[in-house]
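Participant: My structure is stored as structure.pdb, with PDB, C-alpha atoms, pLDDT in the B column.
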ATOM      1  CA  MET A   1     105.442 125.112  80.578  1.00 54.00           C
ATOM      2  CA  SER A   2     107.117 122.412  78.554  1.00 90.00           C
ATOM      3  CA  LEU A   3     105.129 119.263  77.823  1.00 94.00           C
ATOM      4  CA  GLU A   4     108.437 117.531  77.108  1.00 96.00           C
ATOM      5  CA  ASP A   5     109.732 118.374  80.603  1.00 97.00           C
ATOM      6  CA  LYS A   6     106.485 117.116  82.151  1.00 97.00           C
ATOM      7  CA  ALA A   7     106.752 113.880  80.172  1.00 98.00           C
ATOM      8  CA  VAL A   8     110.340 113.345  81.352  1.00 98.00           C
ATOM      9  CA  ILE A   9     109.382 113.964  85.001  1.00 98.00           C
ATOM     10  CA  THR A  10     106.444 111.561  84.683  1.00 98.00           C
ATOM     11  CA  ASP A  11     108.787 108.964  83.192  1.00 98.00           C
ATOM     12  CA  VAL A  12     111.139 109.305  86.194  1.00 98.00           C
ATOM     13  CA  LEU A  13     108.193 108.662  88.538  1.00 98.00           C
ATOM     14  CA  HIS A  14     107.121 105.586  86.589  1.00 98.00           C
ATOM     15  CA  ARG A  15     110.673 104.254  86.413  1.00 98.00           C
ATOM     16  CA  TYR A  16     111.042 104.745  90.167  1.00 98.00           C
ATOM     17  CA  ALA A  17     107.970 102.519  90.673  1.00 98.00           C
ATOM     18  CA  ARG A  18     109.309  99.881  88.268  1.00 97.00           C
ATOM     19  CA  TYR A  19     112.730  99.793  89.882  1.00 97.00           C
ATOM     20  CA  VAL A  20     111.334  99.504  93.417  1.00 97.00           C
ATOM     21  CA  ASP A  21     108.985  96.737  92.302  1.00 97.00           C
ATOM     22  CA  ARG A  22     111.804  94.793  90.635  1.00 97.00           C
ATOM     23  CA  ALA A  23     114.124  95.449  93.642  1.00 97.00           C
ATOM     24  CA  ASP A  24     116.560  97.124  91.247  1.00 96.00           C
ATOM     25  CA  PHE A  25     117.772  99.525  93.907  1.00 96.00           C
ATOM     26  CA  ASP A  26     120.813 100.794  92.001  1.00 95.00           C
ATOM     27  CA  ARG A  27     118.420 102.105  89.372  1.00 97.00           C
ATOM     28  CA  VAL A  28     116.103 103.547  92.043  1.00 98.00           C
ATOM     29  CA  ALA A  29     119.070 105.722  93.051  1.00 98.00           C
ATOM     30  CA  GLU A  30     119.331 106.984  89.449  1.00 98.00           C
ATOM     31  CA  CYS A  31     115.923 108.674  89.873  1.00 98.00           C
ATOM     32  CA  TYR A  32     117.489 111.002  92.475  1.00 98.00           C
ATOM     33  CA  PHE A  33     120.371 113.423  92.459  1.00 98.00           C
ATOM     34  CA  PRO A  34     123.186 112.130  94.703  1.00 97.00           C
ATOM     35  CA  ASP A  35     122.635 114.994  97.187  1.00 98.00           C
ATOM     36  CA  ALA A  36     118.847 114.496  97.367  1.00 98.00           C
ATOM     37  CA  ILE A  37     117.017 114.136 100.668  1.00 98.00           C
ATOM     38  CA  ASP A  38     114.115 111.710 101.172  1.00 98.00           C
ATOM     39  CA  THR A  39     111.612 111.684 104.051  1.00 98.00           C
ATOM     40  CA  HIS A  40     110.169 108.204 103.705  1.00 96.00           C
ATOM     41  CA  GLY A  41     108.276 106.932 106.746  1.00 93.00           C
ATOM     42  CA  GLY A  42     110.793 106.378 109.523  1.00 93.00           C
ATOM     43  CA  TYR A  43     113.728 107.199 107.246  1.00 97.00           C
ATOM     44  CA  ILE A  44     114.954 110.750 106.665  1.00 98.00           C
ATOM     45  CA  GLY A  45     118.231 111.263 104.875  1.00 98.00           C
ATOM     46  CA  SER A  46     120.386 110.758 101.822  1.00 98.00           C
ATOM     47  CA  VAL A  47     119.697 108.600  98.800  1.00 97.00           C
ATOM     48  CA  ASP A  48     122.449 106.142  99.763  1.00 97.00           C
ATOM     49  CA  GLY A  49     120.807 105.666 103.150  1.00 98.00           C
ATOM     50  CA  LEU A  50     117.375 105.361 101.551  1.00 98.00           C
ATOM     51  CA  ILE A  51     118.605 102.572  99.293  1.00 98.00           C
ATOM     52  CA  GLU A  52     120.032 100.660 102.263  1.00 97.00           C
ATOM     53  CA  ASP A  53     116.760 101.194 104.146  1.00 97.00           C
ATOM     54  CA  MET A  54     114.770  99.908 101.145  1.00 97.00           C
ATOM     55  CA  LYS A  55     116.979  96.836 100.827  1.00 97.00           C
ATOM     56  CA  THR A  56     116.292  96.018 104.481  1.00 96.00           C
ATOM     57  CA  ARG A  57     112.540  96.686 104.311  1.00 95.00           C
ATOM     58  CA  HIS A  58     112.086  94.794 101.038  1.00 96.00           C
ATOM     59  CA  ARG A  59     114.183  91.716 101.787  1.00 96.00           C
ATOM     60  CA  THR A  60     111.099  89.655 102.787  1.00 96.00           C
ATOM     61  CA  ILE A  61     108.738  91.071 100.135  1.00 97.00           C
ATOM     62  CA  ASP A  62     108.052  88.632  97.309  1.00 95.00           C
ATOM     63  CA  SER A  63     105.693  90.898  95.326  1.00 96.00           C
ATOM     64  CA  SER A  64     105.647  94.688  95.123  1.00 97.00           C
ATOM     65  CA  MET A  65     103.451  96.936  92.969  1.00 98.00           C
ATOM     66  CA  HIS A  66     103.474 100.728  93.051  1.00 98.00           C
ATOM     67  CA  TYR A  67     100.811 102.573  91.051  1.00 98.00           C
ATOM     68  CA  ILE A  68     101.586 106.246  90.389  1.00 98.00           C
ATOM     69  CA  SER A  69      98.693 108.529  89.384  1.00 98.00           C
ATOM     70  CA  ASN A  70      97.240 112.063  89.665  1.00 98.00           C
ATOM     71  CA  ILE A  71     100.594 113.567  88.736  1.00 98.00           C
ATOM     72  CA  LEU A  72     100.516 117.350  88.979  1.00 98.00           C
ATOM     73  CA  ILE A  73     103.632 119.227  87.907  1.00 98.00           C
ATOM     74  CA  ASP A  74     104.251 122.938  88.475  1.00 97.00           C
ATOM     75  CA  LEU A  75     107.298 123.965  86.428  1.00 96.00           C
ATOM     76  CA  ASP A  76     109.375 126.997  87.310  1.00 95.00           C
ATOM     77  CA  GLY A  77     112.447 127.065  85.083  1.00 95.00           C
ATOM     78  CA  ASP A  78     114.775 124.233  86.124  1.00 97.00           C
ATOM     79  CA  THR A  79     112.689 123.379  89.203  1.00 98.00           C
ATOM     80  CA  ALA A  80     109.392 121.523  89.385  1.00 98.00           C
ATOM     81  CA  ASN A  81     107.099 120.977  92.337  1.00 98.00           C
ATOM     82  CA  VAL A  82     105.385 117.647  91.798  1.00 98.00           C
ATOM     83  CA  GLU A  83     102.626 115.875  93.678  1.00 98.00           C
ATOM     84  CA  SER A  84     101.655 112.336  92.746  1.00 98.00           C
ATOM     85  CA  TYR A  85      99.478 109.701  94.344  1.00 98.00           C
ATOM     86  CA  CYS A  86     100.849 106.242  95.013  1.00 98.00           C
ATOM     87  CA  LEU A  87      99.020 103.043  95.819  1.00 98.00           C
ATOM     88  CA  CYS A  88     101.338 100.253  96.951  1.00 98.00           C
ATOM     89  CA  TYR A  89     100.717  96.550  97.340  1.00 98.00           C
ATOM     90  CA  LEU A  90     103.502  94.797  99.226  1.00 98.00           C
ATOM     91  CA  ARG A  91     103.190  91.046  99.777  1.00 97.00           C
ATOM     92  CA  GLN A  92     105.444  89.340 102.300  1.00 97.00           C
ATOM     93  CA  ALA A  93     106.866  85.944 101.392  1.00 95.00           C
ATOM     94  CA  PRO A  94     105.053  83.177 103.281  1.00 93.00           C
ATOM     95  CA  ALA A  95     106.792  81.725 106.299  1.00 91.00           C
ATOM     96  CA  ASP A  96     108.112  78.171 105.895  1.00 91.00           C
ATOM     97  CA  GLY A  97     105.228  75.709 105.888  1.00 90.00           C
ATOM     98  CA  GLU A  98     102.578  78.463 105.698  1.00 91.00           C
ATOM     99  CA  SER A  99     100.016  78.732 102.911  1.00 90.00           C
ATOM    100  CA  THR A 100      99.071  82.314 103.780  1.00 96.00           C
ATOM    101  CA  GLN A 101     101.040  85.520 103.702  1.00 97.00           C
ATOM    102  CA  MET A 102     100.642  89.161 104.706  1.00 97.00           C
ATOM    103  CA  LEU A 103      99.586  91.789 102.158  1.00 98.00           C
ATOM    104  CA  SER A 104     100.073  95.467 102.934  1.00 98.00           C
ATOM    105  CA  THR A 105      98.115  98.078 101.007  1.00 98.00           C
ATOM    106  CA  ILE A 106      99.481 101.586 101.424  1.00 98.00           C
ATOM    107  CA  LYS A 107      97.978 104.834 100.168  1.00 98.00           C
ATOM    108  CA  CYS A 108     100.428 107.718 100.022  1.00 98.00           C
ATOM    109  CA  ARG A 109     101.478 110.802  98.083  1.00 98.00           C
ATOM    110  CA  TYR A 110     104.896 111.831  96.865  1.00 98.00           C
ATOM    111  CA  VAL A 111     105.563 115.524  97.358  1.00 98.00           C
ATOM    112  CA  ASP A 112     108.673 116.052  95.258  1.00 98.00           C
ATOM    113  CA  ARG A 113     110.967 118.836  94.201  1.00 98.00           C
ATOM    114  CA  PHE A 114     112.533 117.908  90.895  1.00 98.00           C
ATOM    115  CA  GLU A 115     115.461 119.820  89.477  1.00 98.00           C
ATOM    116  CA  LYS A 116     116.949 119.884  86.026  1.00 98.00           C
ATOM    117  CA  ARG A 117     120.730 119.692  86.172  1.00 98.00           C
ATOM    118  CA  ASN A 118     122.962 119.020  83.168  1.00 97.00           C
ATOM    119  CA  SER A 119     119.799 118.511  81.075  1.00 96.00           C
ATOM    120  CA  GLN A 120     118.487 115.768  83.404  1.00 97.00           C
ATOM    121  CA  TRP A 121     115.359 115.893  85.567  1.00 98.00           C
ATOM    122  CA  ARG A 122     115.688 114.001  88.842  1.00 98.00           C
ATOM    123  CA  ILE A 123     114.292 114.111  92.353  1.00 98.00           C
ATOM    124  CA  ALA A 124     116.110 116.633  94.571  1.00 98.00           C
ATOM    125  CA  GLU A 125     113.811 116.239  97.573  1.00 98.00           C
ATOM    126  CA  ARG A 126     110.954 113.870  98.386  1.00 98.00           C
ATOM    127  CA  ILE A 127     108.460 113.789 101.219  1.00 98.00           C
ATOM    128  CA  VAL A 128     106.210 110.727 101.343  1.00 98.00           C
ATOM    129  CA  VAL A 129     102.860 111.636 102.918  1.00 98.00           C
ATOM    130  CA  PHE A 130     101.155 108.482 104.197  1.00 98.00           C
ATOM    131  CA  ASP A 131      97.353 108.404 104.166  1.00 97.00           C
ATOM    132  CA  GLU A 132      96.578 104.819 105.146  1.00 97.00           C
ATOM    133  CA  SER A 133      98.115 101.390 105.612  1.00 97.00           C
ATOM    134  CA  ARG A 134      96.180  98.141 105.788  1.00 98.00           C
ATOM    135  CA  HIS A 135      97.522  94.699 106.500  1.00 98.00           C
ATOM    136  CA  GLU A 136      95.655  91.480 105.854  1.00 98.00           C
ATOM    137  CA  ARG A 137      96.450  87.799 105.711  1.00 97.00           C
ATOM    138  CA  ILE A 138      95.804  86.332 102.271  1.00 97.00           C
ATOM    139  CA  GLU A 139      96.166  83.041 100.465  1.00 95.00           C
ATOM    140  CA  ASN A 140      97.527  83.304  96.940  1.00 91.00           C
ATOM    141  CA  VAL A 141      95.270  81.029  94.884  1.00 93.00           C
ATOM    142  CA  LEU A 142      96.859  81.684  91.487  1.00 92.00           C
ATOM    143  CA  ASP A 143      97.834  78.584  89.545  1.00 94.00           C
ATOM    144  CA  PRO A 144     101.524  77.987  90.377  1.00 89.00           C
ATOM    145  CA  THR A 145     102.230  77.172  86.705  1.00 94.00           C
ATOM    146  CA  TRP A 146     101.417  80.763  85.658  1.00 96.00           C
ATOM    147  CA  VAL A 147     104.307  83.205  85.196  1.00 95.00           C
ATOM    148  CA  SER A 148     105.089  84.801  88.558  1.00 91.00           C
ATOM    149  CA  PRO A 149     106.930  88.022  89.312  1.00 90.00           C
ATOM    150  CA  ARG A 150     110.553  87.889  90.311  1.00 92.00           C
ATOM    151  CA  ARG A 151     112.261  90.690  92.120  1.00 94.00           C
ATOM    152  CA  THR A 152     115.552  89.897  90.399  1.00 90.00           C
ATOM    153  CA  ALA A 153     117.179  90.106  86.975  1.00 90.00           C
ATOM    154  CA  ASP A 154     115.365  86.811  86.221  1.00 92.00           C
ATOM    155  CA  ASP A 155     112.031  88.655  85.875  1.00 94.00           C
ATOM    156  CA  SER A 156     110.343  88.475  82.467  1.00 95.00           C
ATOM    157  CA  LEU A 157     110.878  92.242  82.084  1.00 92.00           C
ATOM    158  CA  TYR A 158     114.621  91.655  81.807  1.00 92.00           C
ATOM    159  CA  THR A 159     114.747  88.203  80.197  1.00 95.00           C
ATOM    160  CA  GLY A 160     111.816  88.439  77.794  1.00 95.00           C
ATOM    161  CA  LYS A 161     110.995  84.883  78.840  1.00 95.00           C
ATOM    162  CA  PRO A 162     108.404  83.298  81.171  1.00 94.00           C
TER     163      PRO A 162
END
When written as structure tokens, how does the structure in this file appear?

Facilitator:
Amino acid sequence: MSLEDKAVITDVLHRYARYVDRADFDRVAECYFPDAIDTHGGYIGSVDGLIEDMKTRHRTIDSSMHYISNILIDLDGDTANVESYCLCYLRQAPADGESTQMLSTIKCRYVDRFEKRNSQWRIAERIVVFDESRHERIENVLDPTWVSPRRTADDSLYTGKP
């Protein structure tokens, strides 16, 4: 078992979460091999189709946070079976004139087969196992002058600015 391989796989999982949360879908695709298959809720298919599905599902989300934990990696040569827990918070943008918005909290697990091809670990197959989904109406009471997330290249992650 290579600790370096495990660290690289863990990094791919964390980057996946970052890219989804920043709506950087081209980079989400880089976490997968082009011929990978994803079973993701109502979507089952190729990475290209997954990205289009994500773009549609995320178009009204103004804040997204994916927390990846409990990562267990079983290495077998250039293949790794990986299970990780994911807790997602997805906040819908408020409707015009509304002060409240919907927040979805989703508990799920990623059951992944990673492969190492040309010295790169990426997802070859993913099954998302959903445990629970809750939806509640919230009012965001944060001070509007505080730095807010942006799901674009204008986010502080990319600009280094508030």

Participant: Can you tell me which residues surround Ile9 in chain A at a distance of at most 10 Å, considering all atoms listed in the file, apart from same-chain residues fewer than 2 positions away, and format the answer as a VMD selection string?

Facilitator: chain A and resid 3 to 7 11 to 15 31 71 73 80 82 114 to 116 120 to 123

Participant: So which residues touch range 129-146 of chain A within 9 Å, counting all atoms listed in the file, skipping near sequence neighbours fewer than 5 positions away, as number ranges by chain?

Facilitator: A: 39-41, 99-111, 162

Participant: Name every residue that the PyMOL selection byres ((chain A and resi 68) around 9) selects in this structure, writing the answer as a PyMOL selection string with chains first and numbers rising.

Facilitator: chain A and resi 13-14+17+66-67+69-71+84-88+109

Participant: For the interface of range 49-115 of chain A with range 27-30 of chain A (cut-off 12 Å, counting all atoms listed in the file), please tabulate each contacting residue of range 49-115 of chain A alongside its nearest pair of atoms and their separation in Å to one decimal, rows sorted by chain and increasing number, as JSON lines.

Facilitator:
{"residue": "A:Gly49", "atom": "CA", "partner": "A:Ala29", "partner_atom": "CA", "distance": 10.2}
{"residue": "A:Leu50", "atom": "CA", "partner": "A:Ala29", "partner_atom": "CA", "distance": 8.7}
{"residue": "A:Ile51", "atom": "CA", "partner": "A:Ala29", "partner_atom": "CA", "distance": 7.0}
{"residue": "A:Glu52", "atom": "CA", "partner": "A:Ala29", "partner_atom": "CA", "distance": 10.6}
{"residue": "A:Met54", "atom": "CA", "partner": "A:Val28", "partner_atom": "CA", "distance": 9.9}
{"residue": "A:Lys55", "atom": "CA", "partner": "A:Val28", "partner_atom": "CA", "distance": 11.1}

Participant: Could you turn the residues from that selection into a file that holds C-alpha atoms, as a CSV table (one decimal), in the frame of the given file?

Facilitator:
chain,number,residue,atom,x,y,z
A,49,GLY,CA,120.8,105.7,103.2
A,50,LEU,CA,117.4,105.4,101.6
A,51,ILE,CA,118.6,102.6,99.3
A,52,GLU,CA,120.0,100.7,102.3
A,54,MET,CA,114.8,99.9,101.1
A,55,LYS,CA,117.0,96.8,100.8

Participant: Rounded to one decimal place, report the CA of Arg57 in chain A-CA of Tyr89 in chain A distance in Å.

Facilitator: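 About the pair CA of Arg57 in chain A and CA of Tyr89 in chain A: they are 13.7 Å apart.
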